[in-house]
Amino acid sequence: IKKTKIPLPPFLSQLQEMLRGGIRLPSIVNIVGPTGIGKSTYVNELLYFWIFHSPYKLGILSLESDRSEYSNVLASRHLGVKLNLLEDDEALSFLMLPENIESRKRLWVNEEGAPRFYMMEERDGKLANIKKLIEQLIISCGCKIIVIDPVQDLFAGLSLSDQEEFSAWLKITIKAYDVCFVCINHIRKAQGGNVDARYSEQEGKGSSTLIQSSFLTILLNREKDPDPTLSELAQKILTSTMTHRISKNRATGLTGDGGSLFY
């Protein structure tokens, strides 16, 4: 009971309440959603909050973005300007302003000059290498929160038995080191475009054992195609609203609607 929990950003206040104060250690968290609904924005907001407010060190294992791409995303969020929308010369000039150099430094290191978080790129994708990198984040870097984004990239070309073995390794690792894994999951493509808001966690790609091992499962969805029968304002509201459903919550047992998120 006394163990410090991982807090959530203010926009997830309803989920924070459902968890009674945050995510417990040890645990496996699965964030599940279809492609193109704003899942990356959701995850990046979590990461940005944890960089500054988590009581535990954050480790990011990125399987899609390299360090420069991730740096751009975090710096854009930190400075309040989306760098990818600027011309290259303009973006570089903006980043090199003295106040922005100082601001970005506060993003990368804390007041003592130590890294606020660690990030590892992996282009090999072999599970043996992934496990070594994760153990390096935990043991050498002192990370207690490990984000794998997206976990399905690890499973490409693997047999179901190999995927199940990795899920079993995650369960052993959280108990051995008292850590939290946050796994970002894609779901199978739906016929006809939009994914039904009530899709189940079993629609995640790959072996179902990762979801079965979950302590907390968050299902995200958003209507990407506007309804032509609605007014322009209603269409905007519909397509800018993400549903946020909790299908599994081992900590408190509270599941269901986790609050709608509006962009």
# chains A, B, ... in the order shown; residues from 1 in each chain; ligands from 1
>>> select_by_dssp(residues="region 115-179 of chain A", states="strand (DSSP E or B)", output="VMD selection string")
chain A and resid 115 117 to 121 143 to 149
>>> write_last_selection(atoms="all heavy atoms", output="CSV table (one decimal), in the first residue's frame")
chain,number,residue,atom,x,y,z
A,115,PRO,N,20.4,12.5,-16.9
A,115,PRO,CA,19.3,12.3,-17.9
A,115,PRO,C,17.9,12.2,-17.2
A,115,PRO,O,17.8,11.4,-16.2
A,115,PRO,CB,19.7,11.1,-18.6
A,115,PRO,CG,21.2,10.9,-18.4
A,115,PRO,CD,21.4,11.5,-17.0
A,117,PHE,N,15.4,10.8,-18.8
A,117,PHE,CA,14.9,9.5,-19.3
A,117,PHE,C,16.0,8.9,-20.3
A,117,PHE,O,17.0,9.6,-20.6
A,117,PHE,CB,13.6,9.7,-20.1
A,117,PHE,CG,13.7,10.6,-21.3
A,117,PHE,CD1,13.8,10.0,-22.6
A,117,PHE,CD2,13.8,12.0,-21.3
A,117,PHE,CE1,14.0,10.7,-23.7
A,117,PHE,CE2,13.9,12.7,-22.4
A,117,PHE,CZ,14.0,12.1,-23.6
A,118,TYR,N,15.7,7.7,-20.6
A,118,TYR,CA,16.6,7.0,-21.6
A,118,TYR,C,15.8,6.5,-22.8
A,118,TYR,O,14.7,6.1,-22.6
A,118,TYR,CB,17.4,5.8,-20.9
A,118,TYR,CG,18.4,6.3,-19.9
A,118,TYR,CD1,18.1,6.4,-18.6
A,118,TYR,CD2,19.7,6.5,-20.3
A,118,TYR,CE1,19.0,6.8,-17.6
A,118,TYR,CE2,20.7,6.9,-19.4
A,118,TYR,CZ,20.3,7.1,-18.0
A,118,TYR,OH,21.2,7.5,-17.1
A,119,MET,N,16.4,6.5,-23.9
A,119,MET,CA,15.8,6.0,-25.1
A,119,MET,C,16.7,5.0,-25.8
A,119,MET,O,17.9,5.3,-26.0
A,119,MET,CB,15.3,7.1,-26.0
A,119,MET,CG,14.7,6.5,-27.3
A,119,MET,SD,14.4,7.8,-28.5
A,119,MET,CE,13.9,6.8,-29.9
A,120,MET,N,16.2,3.9,-26.3
A,120,MET,CA,17.0,3.0,-27.1
A,120,MET,C,16.3,2.7,-28.4
A,120,MET,O,15.1,2.4,-28.4
A,120,MET,CB,17.3,1.7,-26.3
A,120,MET,CG,18.2,1.8,-25.1
A,120,MET,SD,18.7,0.3,-24.5
A,120,MET,CE,20.0,0.8,-23.3
A,121,GLU,N,17.1,2.7,-29.5
A,121,GLU,CA,16.6,2.4,-30.8
A,121,GLU,C,17.0,0.9,-31.0
A,121,GLU,O,18.1,0.5,-30.6
A,121,GLU,CB,17.3,3.2,-31.9
A,121,GLU,CG,17.1,4.7,-31.7
A,121,GLU,CD,18.1,5.5,-32.6
A,121,GLU,OE1,19.3,5.5,-32.4
A,121,GLU,OE2,17.6,6.0,-33.6
A,143,CYS,N,15.9,2.3,-14.9
A,143,CYS,CA,14.6,2.6,-15.3
A,143,CYS,C,13.6,1.6,-14.7
A,143,CYS,O,13.8,0.5,-14.6
A,143,CYS,CB,14.5,2.5,-16.8
A,143,CYS,SG,15.5,3.7,-17.7
A,144,LYS,N,12.4,2.2,-14.2
A,144,LYS,CA,11.4,1.4,-13.7
A,144,LYS,C,10.1,1.4,-14.6
A,144,LYS,O,9.3,0.5,-14.4
A,144,LYS,CB,11.0,2.0,-12.3
A,144,LYS,CG,11.9,1.7,-11.2
A,144,LYS,CD,11.8,0.3,-10.6
A,144,LYS,CE,12.5,0.1,-9.3
A,144,LYS,NZ,12.4,-1.2,-8.8
A,145,ILE,N,10.0,2.3,-15.5
A,145,ILE,CA,8.9,2.3,-16.5
A,145,ILE,C,9.6,2.1,-17.8
A,145,ILE,O,10.4,2.8,-18.3
A,145,ILE,CB,8.2,3.6,-16.5
A,145,ILE,CG1,7.7,4.0,-15.1
A,145,ILE,CG2,7.0,3.6,-17.4
A,145,ILE,CD1,7.2,5.4,-15.0
A,146,ILE,N,9.2,1.0,-18.5
A,146,ILE,CA,9.7,0.6,-19.8
A,146,ILE,C,8.6,0.7,-20.8
A,146,ILE,O,7.6,-0.1,-20.7
A,146,ILE,CB,10.3,-0.8,-19.8
A,146,ILE,CG1,11.3,-0.9,-18.7
A,146,ILE,CG2,11.0,-1.1,-21.2
A,146,ILE,CD1,12.5,0.0,-18.7
A,147,VAL,N,8.7,1.6,-21.8
A,147,VAL,CA,7.7,1.7,-22.8
A,147,VAL,C,8.2,1.0,-24.1
A,147,VAL,O,9.3,1.3,-24.6
A,147,VAL,CB,7.4,3.2,-23.1
A,147,VAL,CG1,6.3,3.3,-24.2
A,147,VAL,CG2,6.9,3.9,-21.9
A,148,ILE,N,7.4,0.1,-24.6
A,148,ILE,CA,7.7,-0.6,-25.9
A,148,ILE,C,6.7,-0.2,-27.0
A,148,ILE,O,5.5,-0.4,-26.8
A,148,ILE,CB,7.7,-2.2,-25.7
A,148,ILE,CG1,8.6,-2.6,-24.6
A,148,ILE,CG2,8.1,-2.8,-27.0
A,148,ILE,CD1,8.5,-4.1,-24.3
A,149,ASP,N,7.2,0.5,-28.0
A,149,ASP,CA,6.4,1.2,-28.9
A,149,ASP,C,6.8,0.9,-30.4
A,149,ASP,O,7.8,1.4,-30.8
A,149,ASP,CB,6.4,2.7,-28.7
A,149,ASP,CG,5.4,3.5,-29.5
A,149,ASP,OD1,4.5,2.8,-30.2
A,149,ASP,OD2,5.5,4.7,-29.6
>>> residues_around(residues="region 214-224 of chain A", least_positions_apart="2", cutoff="7 Å", atoms="only C-alpha atoms", output="VMD selection string")
chain A and resid 27 to 34 37 194 197 210 to 212 226 238 to 239 241 to 250
>>> closest_residue(among="A:Lys105, A:Thr209, A:Arg67, A:Leu95", to="Ala168 (chain A)", atoms="only C-alpha atoms")
A:Thr209
>>> select_by_dssp(residues="region 31-63 of chain A", states="helix (DSSP H, G or I)", output="VMD selection string")
chain A and resid 39 to 53
>>> closest_residue(among="A:Val109, A:Ile51, A:Ala156, A:Val151", to="Phe181 (chain A)", atoms="only C-alpha atoms")
A:Val151
>>> closest_residue(among="A:Ser213, A:Ser240, A:Gln136, A:Ser103", to="Trp169 (chain A)", atoms="only C-alpha atoms")
A:Ser213
>>> closest_residue(among="A:Asn110, A:Ser167, A:Thr252, A:Ser200", to="His53 (chain A)", atoms="only C-alpha atoms")
A:Asn110
>>> residues_around(residues="His78 (chain A)", least_positions_apart="4", cutoff="9 Å", atoms="only C-alpha atoms", output="PyMOL selection string")
chain A and resi 48+73-74+103-104+107
>>> write_last_selection(atoms="all heavy atoms", output="PDB file, in the first residue's frame")
ATOM      1  N   TYR A  48       5.668  12.549 -21.967  1.00  0.00           N
ATOM      2  CA  TYR A  48       6.094  13.900 -21.613  1.00  0.00           C
ATOM      3  C   TYR A  48       5.791  14.192 -20.144  1.00  0.00           C
ATOM      4  O   TYR A  48       6.612  14.784 -19.435  1.00  0.00           O
ATOM      5  CB  TYR A  48       5.394  14.913 -22.518  1.00  0.00           C
ATOM      6  CG  TYR A  48       5.825  16.341 -22.281  1.00  0.00           C
ATOM      7  CD1 TYR A  48       7.073  16.795 -22.712  1.00  0.00           C
ATOM      8  CD2 TYR A  48       4.999  17.245 -21.608  1.00  0.00           C
ATOM      9  CE1 TYR A  48       7.480  18.096 -22.484  1.00  0.00           C
ATOM     10  CE2 TYR A  48       5.397  18.547 -21.383  1.00  0.00           C
ATOM     11  CZ  TYR A  48       6.629  18.976 -21.823  1.00  0.00           C
ATOM     12  OH  TYR A  48       7.042  20.271 -21.587  1.00  0.00           O
ATOM     13  N   VAL A  73       9.709  15.203 -31.858  1.00  0.00           N
ATOM     14  CA  VAL A  73       8.361  15.122 -31.271  1.00  0.00           C
ATOM     15  C   VAL A  73       8.352  15.708 -29.861  1.00  0.00           C
ATOM     16  O   VAL A  73       7.491  16.526 -29.509  1.00  0.00           O
ATOM     17  CB  VAL A  73       7.880  13.657 -31.246  1.00  0.00           C
ATOM     18  CG1 VAL A  73       6.609  13.521 -30.401  1.00  0.00           C
ATOM     19  CG2 VAL A  73       7.621  13.157 -32.666  1.00  0.00           C
ATOM     20  N   LEU A  74       9.317  15.310 -29.037  1.00  0.00           N
ATOM     21  CA  LEU A  74       9.357  15.792 -27.651  1.00  0.00           C
ATOM     22  C   LEU A  74       9.675  17.283 -27.579  1.00  0.00           C
ATOM     23  O   LEU A  74       9.082  18.018 -26.778  1.00  0.00           O
ATOM     24  CB  LEU A  74      10.390  14.994 -26.856  1.00  0.00           C
ATOM     25  CG  LEU A  74      10.020  13.542 -26.553  1.00  0.00           C
ATOM     26  CD1 LEU A  74      11.172  12.831 -25.852  1.00  0.00           C
ATOM     27  CD2 LEU A  74       8.758  13.456 -25.703  1.00  0.00           C
ATOM     28  N   SER A 103      15.727  25.860 -22.859  1.00  0.00           N
ATOM     29  CA  SER A 103      14.493  25.131 -22.572  1.00  0.00           C
ATOM     30  C   SER A 103      14.636  23.651 -22.927  1.00  0.00           C
ATOM     31  O   SER A 103      14.194  22.771 -22.174  1.00  0.00           O
ATOM     32  CB  SER A 103      13.324  25.744 -23.356  1.00  0.00           C
ATOM     33  OG  SER A 103      12.122  25.084 -23.075  1.00  0.00           O
ATOM     34  N   ARG A 104      15.251  23.365 -24.057  1.00  0.00           N
ATOM     35  CA  ARG A 104      15.439  21.969 -24.476  1.00  0.00           C
ATOM     36  C   ARG A 104      16.386  21.242 -23.538  1.00  0.00           C
ATOM     37  O   ARG A 104      16.228  20.049 -23.284  1.00  0.00           O
ATOM     38  CB  ARG A 104      15.954  21.904 -25.909  1.00  0.00           C
ATOM     39  CG  ARG A 104      14.876  22.209 -26.948  1.00  0.00           C
ATOM     40  CD  ARG A 104      15.337  21.945 -28.361  1.00  0.00           C
ATOM     41  NE  ARG A 104      16.377  22.867 -28.789  1.00  0.00           N
ATOM     42  CZ  ARG A 104      17.588  22.517 -29.177  1.00  0.00           C
ATOM     43  NH1 ARG A 104      17.939  21.244 -29.187  1.00  0.00           N
ATOM     44  NH2 ARG A 104      18.466  23.419 -29.567  1.00  0.00           N
ATOM     45  N   LEU A 107      14.571  19.759 -20.831  1.00  0.00           N
ATOM     46  CA  LEU A 107      13.831  18.563 -21.234  1.00  0.00           C
ATOM     47  C   LEU A 107      14.700  17.317 -21.137  1.00  0.00           C
ATOM     48  O   LEU A 107      14.236  16.250 -20.731  1.00  0.00           O
ATOM     49  CB  LEU A 107      13.320  18.744 -22.667  1.00  0.00           C
ATOM     50  CG  LEU A 107      12.663  17.532 -23.350  1.00  0.00           C
ATOM     51  CD1 LEU A 107      11.416  17.084 -22.597  1.00  0.00           C
ATOM     52  CD2 LEU A 107      12.315  17.862 -24.807  1.00  0.00           C
TER      53      LEU A 107
END
>>> closest_residue(among="A:Ser76, A:Ser260, A:Ser208, A:Thr173", to="Ser13 (chain A)", atoms="only C-alpha atoms")
A:Ser260
>>> atom_distance(atom1="CA of Trp108 (chain A)", atom2="CA of Val43 (chain A)")
18.1 Å
>>> atom_distance(atom1="CA of Leu25 (chain A)", atom2="CA of Lys126 (chain A)")
26.9 Å
>>> closest_residue(among="A:Lys236, A:Arg106, A:Arg198, A:Lys5", to="Ser54 (chain A)", atoms="only C-alpha atoms")
A:Lys5
>>> atom_distance(atom1="CA of Leu79 (chain A)", atom2="CA of Ile6 (chain A)")
24.6 Å
>>> residues_around(residues="Arg77 (chain A)", least_positions_apart="4", cutoff="12 Å", atoms="only C-alpha atoms", output="list in words")
Thr41, Asn44, Glu45, Leu46, Leu47, Tyr48, Phe49, Tyr70, Ser71, Asn72, Val73, Val81, Lys82, Leu83, Asn84, Ser103, Arg104 and Leu107 of chain A
>>> write_last_selection(atoms="N, CA, C and O atoms", output="PDB file, in the first residue's frame")
ATOM      1  N   THR A  41      -0.145  10.475 -30.237  1.00  0.00           N
ATOM      2  CA  THR A  41      -0.304  11.705 -29.462  1.00  0.00           C
ATOM      3  C   THR A  41      -0.622  11.383 -28.012  1.00  0.00           C
ATOM      4  O   THR A  41      -0.073  11.979 -27.085  1.00  0.00           O
ATOM      5  N   ASN A  44       2.561   9.959 -26.387  1.00  0.00           N
ATOM      6  CA  ASN A  44       3.580  10.988 -26.204  1.00  0.00           C
ATOM      7  C   ASN A  44       3.229  11.935 -25.055  1.00  0.00           C
ATOM      8  O   ASN A  44       4.125  12.445 -24.370  1.00  0.00           O
ATOM      9  N   GLU A  45       1.931  12.182 -24.852  1.00  0.00           N
ATOM     10  CA  GLU A  45       1.519  13.001 -23.705  1.00  0.00           C
ATOM     11  C   GLU A  45       1.837  12.296 -22.392  1.00  0.00           C
ATOM     12  O   GLU A  45       2.256  12.919 -21.420  1.00  0.00           O
ATOM     13  N   LEU A  46       1.615  10.988 -22.357  1.00  0.00           N
ATOM     14  CA  LEU A  46       1.987  10.205 -21.181  1.00  0.00           C
ATOM     15  C   LEU A  46       3.485  10.315 -20.907  1.00  0.00           C
ATOM     16  O   LEU A  46       3.916  10.570 -19.778  1.00  0.00           O
ATOM     17  N   LEU A  47       4.283  10.102 -21.969  1.00  0.00           N
ATOM     18  CA  LEU A  47       5.733  10.128 -21.818  1.00  0.00           C
ATOM     19  C   LEU A  47       6.217  11.502 -21.362  1.00  0.00           C
ATOM     20  O   LEU A  47       7.075  11.604 -20.476  1.00  0.00           O
ATOM     21  N   TYR A  48       5.668  12.549 -21.967  1.00  0.00           N
ATOM     22  CA  TYR A  48       6.094  13.900 -21.613  1.00  0.00           C
ATOM     23  C   TYR A  48       5.791  14.192 -20.144  1.00  0.00           C
ATOM     24  O   TYR A  48       6.612  14.784 -19.435  1.00  0.00           O
ATOM     25  N   PHE A  49       4.634  13.752 -19.685  1.00  0.00           N
ATOM     26  CA  PHE A  49       4.278  13.952 -18.272  1.00  0.00           C
ATOM     27  C   PHE A  49       5.215  13.160 -17.365  1.00  0.00           C
ATOM     28  O   PHE A  49       5.699  13.678 -16.353  1.00  0.00           O
ATOM     29  N   TYR A  70      12.220  11.100 -32.535  1.00  0.00           N
ATOM     30  CA  TYR A  70      11.635  11.190 -31.197  1.00  0.00           C
ATOM     31  C   TYR A  70      11.990  12.525 -30.541  1.00  0.00           C
ATOM     32  O   TYR A  70      11.169  13.138 -29.859  1.00  0.00           O
ATOM     33  N   SER A  71      13.219  12.973 -30.760  1.00  0.00           N
ATOM     34  CA  SER A  71      13.637  14.264 -30.209  1.00  0.00           C
ATOM     35  C   SER A  71      12.790  15.396 -30.770  1.00  0.00           C
ATOM     36  O   SER A  71      12.405  16.323 -30.053  1.00  0.00           O
ATOM     37  N   ASN A  72      12.504  15.338 -32.077  1.00  0.00           N
ATOM     38  CA  ASN A  72      11.657  16.341 -32.712  1.00  0.00           C
ATOM     39  C   ASN A  72      10.275  16.385 -32.079  1.00  0.00           C
ATOM     40  O   ASN A  72       9.721  17.459 -31.813  1.00  0.00           O
ATOM     41  N   VAL A  73       9.709  15.203 -31.858  1.00  0.00           N
ATOM     42  CA  VAL A  73       8.361  15.122 -31.271  1.00  0.00           C
ATOM     43  C   VAL A  73       8.352  15.708 -29.861  1.00  0.00           C
ATOM     44  O   VAL A  73       7.491  16.526 -29.509  1.00  0.00           O
ATOM     45  N   VAL A  81       5.626  24.265 -30.407  1.00  0.00           N
ATOM     46  CA  VAL A  81       5.640  24.507 -31.854  1.00  0.00           C
ATOM     47  C   VAL A  81       5.946  23.182 -32.554  1.00  0.00           C
ATOM     48  O   VAL A  81       6.941  22.533 -32.233  1.00  0.00           O
ATOM     49  N   LYS A  82       5.093  22.796 -33.515  1.00  0.00           N
ATOM     50  CA  LYS A  82       5.335  21.555 -34.235  1.00  0.00           C
ATOM     51  C   LYS A  82       6.418  21.779 -35.281  1.00  0.00           C
ATOM     52  O   LYS A  82       6.194  22.395 -36.317  1.00  0.00           O
ATOM     53  N   LEU A  83       7.608  21.253 -35.004  1.00  0.00           N
ATOM     54  CA  LEU A  83       8.776  21.523 -35.840  1.00  0.00           C
ATOM     55  C   LEU A  83       8.615  20.990 -37.260  1.00  0.00           C
ATOM     56  O   LEU A  83       9.136  21.577 -38.208  1.00  0.00           O
ATOM     57  N   ASN A  84       7.894  19.886 -37.428  1.00  0.00           N
ATOM     58  CA  ASN A  84       7.745  19.294 -38.757  1.00  0.00           C
ATOM     59  C   ASN A  84       6.895  20.141 -39.692  1.00  0.00           C
ATOM     60  O   ASN A  84       6.883  19.898 -40.906  1.00  0.00           O
ATOM     61  N   SER A 103      15.727  25.860 -22.859  1.00  0.00           N
ATOM     62  CA  SER A 103      14.493  25.131 -22.572  1.00  0.00           C
ATOM     63  C   SER A 103      14.636  23.651 -22.927  1.00  0.00           C
ATOM     64  O   SER A 103      14.194  22.771 -22.174  1.00  0.00           O
ATOM     65  N   ARG A 104      15.251  23.365 -24.057  1.00  0.00           N
ATOM     66  CA  ARG A 104      15.439  21.969 -24.476  1.00  0.00           C
ATOM     67  C   ARG A 104      16.386  21.242 -23.538  1.00  0.00           C
ATOM     68  O   ARG A 104      16.228  20.049 -23.284  1.00  0.00           O
ATOM     69  N   LEU A 107      14.571  19.759 -20.831  1.00  0.00           N
ATOM     70  CA  LEU A 107      13.831  18.563 -21.234  1.00  0.00           C
ATOM     71  C   LEU A 107      14.700  17.317 -21.137  1.00  0.00           C
ATOM     72  O   LEU A 107      14.236  16.250 -20.731  1.00  0.00           O
TER      73      LEU A 107
END
